[in-house]
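Participant: The file below is my_file-v7.txt, compact mmCIF, C-alpha atoms:
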# COMPACT_ATOMS: atom_id res chain seq x y z
CA MET A 1 11.46 -2.84 -2.73
CA TRP A 2 11.84 -4.78 0.48
CA THR A 3 8.43 -6.39 -0.04
CA ARG A 4 9.49 -7.76 -3.40
CA MET A 5 12.61 -9.27 -1.86
CA ALA A 6 10.62 -11.07 0.79
CA GLY A 7 7.78 -11.98 -1.58
CA THR A 8 10.09 -13.97 -3.87
CA ALA A 9 11.85 -15.70 -1.03
CA GLY A 10 10.04 -19.04 -1.20
CA THR A 11 8.68 -21.29 1.51
CA PRO A 12 8.84 -19.98 5.10
CA GLY A 13 11.77 -21.45 7.01
CA THR A 14 14.01 -22.07 4.01
CA PRO A 15 17.53 -20.58 3.89
CA ARG A 16 16.38 -18.15 1.20
CA VAL A 17 13.63 -16.82 3.44
CA LEU A 18 16.00 -16.46 6.37
CA ARG A 19 18.51 -14.59 4.21
CA ALA A 20 15.79 -12.21 3.04
CA MET A 21 14.67 -11.61 6.64
CA ASN A 22 18.24 -10.95 7.75
CA ASP A 23 18.80 -8.60 4.82
CA ARG A 24 15.67 -6.67 5.70
CA ALA A 25 16.67 -6.45 9.35
CA ALA A 26 20.10 -5.10 8.41
CA LEU A 27 18.60 -2.51 6.04
CA ASP A 28 16.20 -1.34 8.73
CA LEU A 29 19.10 -0.94 11.17
CA LEU A 30 21.16 1.02 8.65
CA LEU A 31 18.21 3.31 7.93
CA GLU A 32 17.70 3.87 11.65
CA HIS A 33 21.32 4.29 12.79
CA GLY A 34 23.16 5.44 9.67
CA GLN A 35 26.70 4.09 9.28
CA LEU A 36 27.38 0.75 10.98
CA SER A 37 30.25 -1.69 10.99
CA ARG A 38 29.95 -5.40 10.30
CA THR A 39 30.58 -6.14 13.98
CA ARG A 40 27.91 -3.68 15.10
CA ILE A 41 25.36 -5.11 12.66
CA GLY A 42 26.16 -8.58 13.93
CA LYS A 43 25.58 -7.53 17.55
CA LEU A 44 22.32 -5.72 16.77
CA THR A 45 20.92 -8.62 14.73
CA GLY A 46 22.43 -11.48 16.73
CA LEU A 47 24.18 -12.83 13.63
CA SER A 48 27.68 -14.26 13.55
CA LYS A 49 30.49 -12.31 11.90
CA PRO A 50 30.63 -14.63 8.85
CA THR A 51 26.85 -14.38 8.38
CA ALA A 52 26.94 -10.59 8.74
CA SER A 53 29.77 -10.44 6.20
CA GLN A 54 27.80 -12.54 3.69
CA LEU A 55 24.74 -10.38 4.28
CA LEU A 56 26.62 -7.15 3.59
CA ALA A 57 28.24 -8.64 0.51
CA ARG A 58 24.80 -9.52 -0.88
CA LEU A 59 23.42 -6.06 -0.20
CA GLU A 60 26.50 -4.37 -1.66
CA THR A 61 26.29 -6.49 -4.82
CA ALA A 62 22.59 -5.60 -5.15
CA GLY A 63 23.46 -1.90 -4.94
CA LEU A 64 21.52 -1.40 -1.71
CA VAL A 65 24.49 -0.77 0.56
CA LEU A 66 27.70 1.23 0.19
CA ALA A 67 31.04 0.89 1.96
CA THR A 68 31.63 4.47 3.08
CA GLY A 69 34.75 4.58 5.24
CA THR A 70 36.31 3.16 8.37
CA THR A 71 36.13 3.74 12.10
CA GLU A 72 38.86 5.89 13.60
CA GLY A 73 40.10 6.81 17.03
CA ARG A 74 39.38 3.43 18.62
CA PRO A 75 41.72 0.70 19.86
CA GLY A 76 42.50 -2.04 17.37
CA PRO A 77 42.27 -2.05 13.58
CA ASN A 78 39.84 0.26 11.83
CA ALA A 79 36.53 -1.34 10.85
CA GLN A 80 34.77 -0.88 7.52
CA LEU A 81 31.56 1.16 7.77
CA TYR A 82 28.45 0.62 5.66
CA GLU A 83 25.36 2.67 4.94
CA VAL A 84 22.25 2.39 2.79
CA ASN A 85 22.83 3.55 -0.78
CA PRO A 86 20.47 6.57 -0.98
CA ALA A 87 20.28 6.28 -4.78
CA ALA A 88 19.03 2.68 -4.64
CA GLY A 89 15.43 3.84 -4.92
CA HIS A 90 13.27 6.95 -5.06
CA ALA A 91 9.69 7.70 -4.11
CA ALA A 92 7.47 10.67 -4.91
CA GLY A 93 4.62 12.32 -3.07
CA LEU A 94 1.92 14.76 -4.26
CA ASP A 95 0.07 17.09 -1.89
CA VAL A 96 -3.12 18.18 -3.68
CA THR A 97 -5.28 21.20 -2.79
CA PRO A 98 -7.66 23.31 -4.91
CA GLN A 99 -4.94 25.97 -5.28
CA ARG A 100 -1.82 23.93 -6.04
CA ILE A 101 -0.13 20.57 -6.24
CA ILE A 102 3.19 20.23 -4.45
CA ALA A 103 5.32 17.33 -5.67
CA ALA A 104 8.44 16.07 -3.93
CA VAL A 105 10.92 13.28 -4.63
CA ALA A 106 12.86 11.55 -1.85
CA ASP A 107 15.68 9.04 -1.94
CA ILE A 108 15.54 5.74 -0.10
CA ALA A 109 16.97 7.31 3.05
CA GLY A 110 14.11 9.83 3.19
CA ARG A 111 16.05 12.89 2.02
CA THR A 112 14.08 15.23 -0.27
CA VAL A 113 16.06 15.60 -3.50
CA GLY A 114 13.55 17.43 -5.72
CA ARG A 115 10.49 19.62 -5.28
CA HIS A 116 8.04 21.39 -7.60
CA GLU A 117 4.86 23.41 -7.07
CA LEU A 118 2.19 23.53 -9.75
CA PRO A 119 -0.49 26.22 -9.30
CA THR A 120 -4.04 25.03 -10.08
CA PRO A 121 -6.20 28.09 -9.38
CA GLY A 122 -9.94 28.07 -9.85
CA ARG A 123 -12.32 25.62 -11.45
CA ARG A 124 -11.60 26.67 -15.02
CA THR A 125 -7.99 25.66 -15.40
CA GLY A 126 -8.91 23.62 -18.47
CA VAL A 127 -6.11 21.17 -17.66
CA PRO A 128 -7.20 17.55 -17.03
CA VAL A 129 -6.34 16.13 -13.63
CA VAL A 130 -4.09 13.43 -15.09
CA GLN A 131 -2.01 16.09 -16.84
CA GLN A 132 -1.83 18.14 -13.64
CA VAL A 133 -0.50 15.09 -11.81
CA THR A 134 2.08 14.22 -14.45
CA ASP A 135 3.18 17.86 -14.85
CA ALA A 136 3.71 18.22 -11.08
CA LEU A 137 5.53 14.89 -10.88
CA ASP A 138 7.75 15.68 -13.88
CA GLY A 139 8.70 19.03 -12.33
CA ALA A 140 9.90 17.38 -9.12
CA VAL A 141 11.64 14.57 -11.01
CA LYS A 142 13.49 17.11 -13.15
CA ALA A 143 14.50 19.10 -10.08
CA ALA A 144 15.95 15.89 -8.64
CA GLY A 145 17.94 15.21 -11.81
CA LEU A 146 16.03 11.97 -12.41
CA THR A 147 13.53 10.52 -14.88
CA ARG A 148 10.08 9.06 -14.30
CA GLY A 149 11.59 5.61 -14.62
CA ASP A 150 13.72 6.25 -11.53
CA ILE A 151 10.62 6.62 -9.31
CA HIS A 152 9.64 3.33 -7.67
CA ARG A 153 6.44 4.48 -5.95
CA LEU A 154 4.11 7.48 -5.95
CA VAL A 155 1.69 8.51 -3.20
CA ILE A 156 -1.03 11.08 -3.90
CA GLY A 157 -2.56 12.85 -0.91
CA THR A 158 -5.86 14.71 -1.30
CA PRO A 159 -8.66 16.01 0.90
CA GLY A 160 -11.59 13.62 1.09
CA ALA A 161 -11.27 9.91 0.50
CA PHE A 162 -11.45 7.47 -2.38
CA ASP A 163 -14.23 4.97 -1.80
CA PRO A 164 -12.59 1.54 -2.26
CA THR A 165 -15.87 0.05 -3.49
CA THR A 166 -16.39 2.60 -6.28
CA GLY A 167 -12.97 4.14 -6.82
CA ARG A 168 -14.47 7.63 -6.64
CA LEU A 169 -13.37 10.55 -4.48
CA ARG A 170 -15.87 11.57 -1.79
CA TYR A 171 -16.01 14.41 0.76
CA ALA A 172 -14.05 16.79 -1.50
CA SER A 173 -16.39 18.69 -3.80
CA HIS A 174 -13.88 21.57 -3.88
CA LEU A 175 -11.44 19.50 -5.98
CA PRO A 176 -12.76 19.92 -9.55
CA GLY A 177 -12.00 17.07 -11.90
CA TRP A 178 -11.02 14.58 -9.19
CA HIS A 179 -14.41 12.86 -9.01
CA SER A 180 -14.35 11.02 -12.33
CA PRO A 181 -15.14 7.31 -11.93
CA THR A 182 -12.33 6.54 -14.42
CA LEU A 183 -9.67 8.75 -12.80
CA LEU A 184 -7.73 5.94 -11.13
CA ASP A 185 -7.63 3.94 -14.35
CA GLU A 186 -6.47 7.02 -16.26
CA LEU A 187 -3.72 7.67 -13.74
CA ALA A 188 -2.60 4.04 -13.88
CA ALA A 189 -2.36 4.27 -17.67
CA ALA A 190 -0.35 7.50 -17.54
CA LEU A 191 2.07 6.64 -14.72
CA PRO A 192 4.87 4.09 -15.20
CA MET A 193 5.24 3.41 -11.47
CA PRO A 194 2.86 1.92 -8.86
CA PHE A 195 0.88 4.63 -7.10
CA GLU A 196 -1.34 4.91 -4.06
CA TYR A 197 -3.88 7.51 -3.05
CA GLU A 198 -4.60 8.52 0.51
CA ASN A 199 -6.46 11.13 2.51
CA ASP A 200 -4.11 13.97 3.37
CA VAL A 201 -4.87 13.91 7.11
CA ASN A 202 -4.24 10.16 7.20
CA LEU A 203 -0.82 10.81 5.71
CA VAL A 204 -0.12 13.42 8.39
CA ALA A 205 -0.99 10.81 11.03
CA LEU A 206 1.43 8.31 9.50
CA ALA A 207 4.15 10.95 9.51
CA GLU A 208 3.47 11.79 13.16
CA GLN A 209 3.46 8.09 14.03
CA ARG A 210 6.87 7.53 12.45
CA LEU A 211 8.68 10.79 13.11
CA GLY A 212 6.57 13.15 15.22
CA ALA A 213 4.45 13.55 18.32
CA ALA A 214 2.81 10.11 18.04
CA ARG A 215 6.09 8.20 17.79
CA GLY A 216 5.95 5.17 20.06
CA HIS A 217 2.15 5.31 20.40
CA ALA A 218 0.03 2.53 18.92
CA ASP A 219 -3.35 4.21 19.56
CA PHE A 220 -4.05 7.87 18.87
CA VAL A 221 -6.38 10.33 17.14
CA LEU A 222 -5.08 13.26 15.12
CA LEU A 223 -7.40 16.25 14.70
CA TRP A 224 -6.64 18.48 11.71
CA ASN A 225 -7.82 22.08 11.47
CA GLU A 226 -6.71 24.02 8.41
CA GLU A 227 -8.97 24.83 5.44
CA GLY A 228 -11.35 22.21 6.77
CA LEU A 229 -11.76 19.92 9.76
CA GLY A 230 -10.60 16.34 9.65
CA ALA A 231 -9.23 13.55 11.78
CA ALA A 232 -7.23 10.36 11.49
CA LEU A 233 -7.57 7.28 13.68
CA VAL A 234 -4.74 4.85 14.43
CA LEU A 235 -5.53 1.76 16.52
CA GLY A 236 -3.08 -0.99 17.30
CA GLY A 237 -0.52 0.83 15.19
CA ARG A 238 -2.70 0.62 12.07
CA LEU A 239 -4.49 3.38 10.23
CA HIS A 240 -8.29 2.92 10.10
CA ARG A 241 -9.96 4.28 6.95
CA GLY A 242 -13.52 3.02 7.41
CA TRP A 243 -15.63 0.84 5.12
CA THR A 244 -16.01 3.55 2.46
CA GLY A 245 -12.76 5.39 3.24
CA GLY A 246 -14.55 8.14 5.17
CA ALA A 247 -13.30 7.51 8.71
CA GLY A 248 -12.11 10.80 10.16
CA GLU A 249 -14.37 13.07 8.11
CA VAL A 250 -15.58 14.67 11.33
CA GLY A 251 -16.37 17.97 9.61
CA PHE A 252 -19.57 16.43 8.26
CA LEU A 253 -20.87 15.22 11.60
CA PRO A 254 -24.44 16.45 12.18
CA VAL A 255 -24.66 19.16 14.84
CA PRO A 256 -27.92 20.74 16.11
CA GLY A 257 -28.42 24.20 14.67
CA THR A 258 -26.41 23.65 11.49
CA PRO A 259 -27.52 22.39 8.07
CA LEU A 260 -27.39 18.64 7.55
CA VAL A 261 -25.03 17.63 4.78
CA ARG A 262 -27.12 15.27 2.68
CA GLN A 263 -24.83 15.00 -0.33
CA VAL A 264 -21.20 15.38 0.67
CA THR A 265 -20.13 14.89 -2.96
CA LYS A 266 -21.86 18.13 -3.94
CA ALA A 267 -21.63 20.29 -0.80
CA ASN A 268 -18.60 21.07 1.27
CA SER A 269 -20.32 22.83 4.15
CA GLY A 270 -22.72 22.06 6.92
CA GLY A 271 -22.50 20.01 10.09
CA TYR A 272 -19.64 20.44 12.55
CA GLN A 273 -17.36 22.08 9.98
CA GLU A 274 -19.81 24.96 9.44
CA LEU A 275 -20.29 25.44 13.16
CA ALA A 276 -16.57 25.45 13.94
CA GLY A 277 -15.75 27.58 10.91
Can you present the structure in this file as structure tokens?
Facilitator:
Amino acid sequence: MWTRMAGTAGTPGTPRVLRAMNDRAALDLLLEHGQLSRTRIGKLTGLSKPTASQLLARLETAGLVLATGTTEGRPGPNAQLYEVNPAAGHAAGLDVTPQRIIAAVADIAGRTVGRHELPTPGRRTGVPVVQQVTDALDGAVKAAGLTRGDIHRLVIGTPGAFDPTTGRLRYASHLPGWHSPTLLDELAAALPMPFEYENDVNLVALAEQRLGAARGHADFVLLWNEEGLGAALVLGGRLHRGWTGGAGEVGFLPVPGTPLVRQVTKANSGGYQELAG
């Protein structure tokens, strides 16, 4: 949502661009601190009181900000407080494993408002992957009291990695049905919102970078050990996926004394993962 605001702003340096940048800065502060007054926003952004007032009026008119109350217990008149409107936008996430798909919906403030688990046992479910995705998503959307049209973005996390050059899932032979070369096109046709796909361990690294143990660190490696071995690499604050999306698939590293994985699309054992397992 914020990207679209900035992307339509016009030529860098124009008043419209500056307004969009100020709006974004204020939204980021409200998401970080919660309720803030106009004076506090002005101090944190360096904007004058009139400019901060105009900014908040724009955001309130756009439905992005709510006036929620006033300050109390301080000298002088009470000040109006503002916060991000949590209903201004919603995002959904899908966590995919061979056994189940967990779908969750969050509001713009990051609060989970709906959750649904769809069992997908065995290789003979008979249900196409696209239907599994939409069924899981619809369950979470219903639990949140929303419709598909209320979801602004969907992120699908799976083991393995989609090769950006072919659009096919690699390193995850244990996910039946997810290796079709037309899967991404089929999902795009079935879903009304933009969606992204990402390796599940990479998503864990992004979560740790923003909220967890890696907060404040621009360079780190996350090693994942659950049903399989994996890793995620963040350098300079940016996630590195590798040329074919396979960065971090350390489970397939060749190790003396273990079978060499020659076709990772057909075998899910061998290499370091077999030794450690």
Participant: Between A:Leu239, A:Ala205, A:Val250, A:Val84, which residue has the minimum interatomic distance to Leu56 (chain A), considering all atoms listed in the file?
Facilitator: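 Nearest candidate to Leu56 (chain A) out of A:Leu239, A:Ala205, A:Val250, A:Val84: A:Val84.
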Participant: Between CA of Leu59 (chain A) and CA of Met21 (chain A), what is the distance, to one decimal in Å?
Facilitator: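 CA of Met21 (chain A) lies at a distance of 12.4 Å from CA of Leu59 (chain A).
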Participant: For Arg215 (chain A), work out the shell of residues within 12 Å, counting only C-alpha atoms and skipping chain neighbours fewer than 5 positions away, then give it as a ChimeraX atom specification.
Facilitator: /A:205-210,220,234,237
Participant: Counting only C-alpha atoms, which of A:Gly257, A:Gly177, A:Asn199, A:Gly277 gets nearest to Asn225 (chain A)?
Facilitator: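 That would be A:Gly277, the residue with the smallest distance to Asn225 (chain A).
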Participant: Between A:Pro164, A:Gly236, A:Gly248, A:Pro86, which residue has the minimum interatomic distance to Leu222 (chain A), considering all atoms listed in the file?
Facilitator: A:Gly248
Participant: To one decimal place, how far is CA of Met193 (chain A) from CA of Ala67 (chain A) in Å?
Facilitator: 29.2 Å
Participant: May I ask which of the residues A:His33, A:Lys43, A:His116, A:Arg170 is the closest one to Arg100 (chain A), counting all atoms listed in the file?
Facilitator: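 Once distances to Arg100 (chain A) are computed over all atoms listed in the file, the minimum belongs to A:His116.
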Participant: Please return as a PyMOL selection string every residue within 8 Å of (31.8, 4.2, -0.1), taking into account all atoms listed in the file and the file's own coordinates.
Facilitator: chain A and resi 66-69+82
Participant: Please produce a file of the residues just selected, as a CSV table (one decimal), in the coordinates of the input, where the atoms kept are C-alpha atoms.
Facilitator:
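That gives us out.csv:
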chain,number,residue,atom,x,y,z
A,66,LEU,CA,27.7,1.2,0.2
A,67,ALA,CA,31.0,0.9,2.0
A,68,THR,CA,31.6,4.5,3.1
A,69,GLY,CA,34.8,4.6,5.2
A,82,TYR,CA,28.4,0.6,5.7
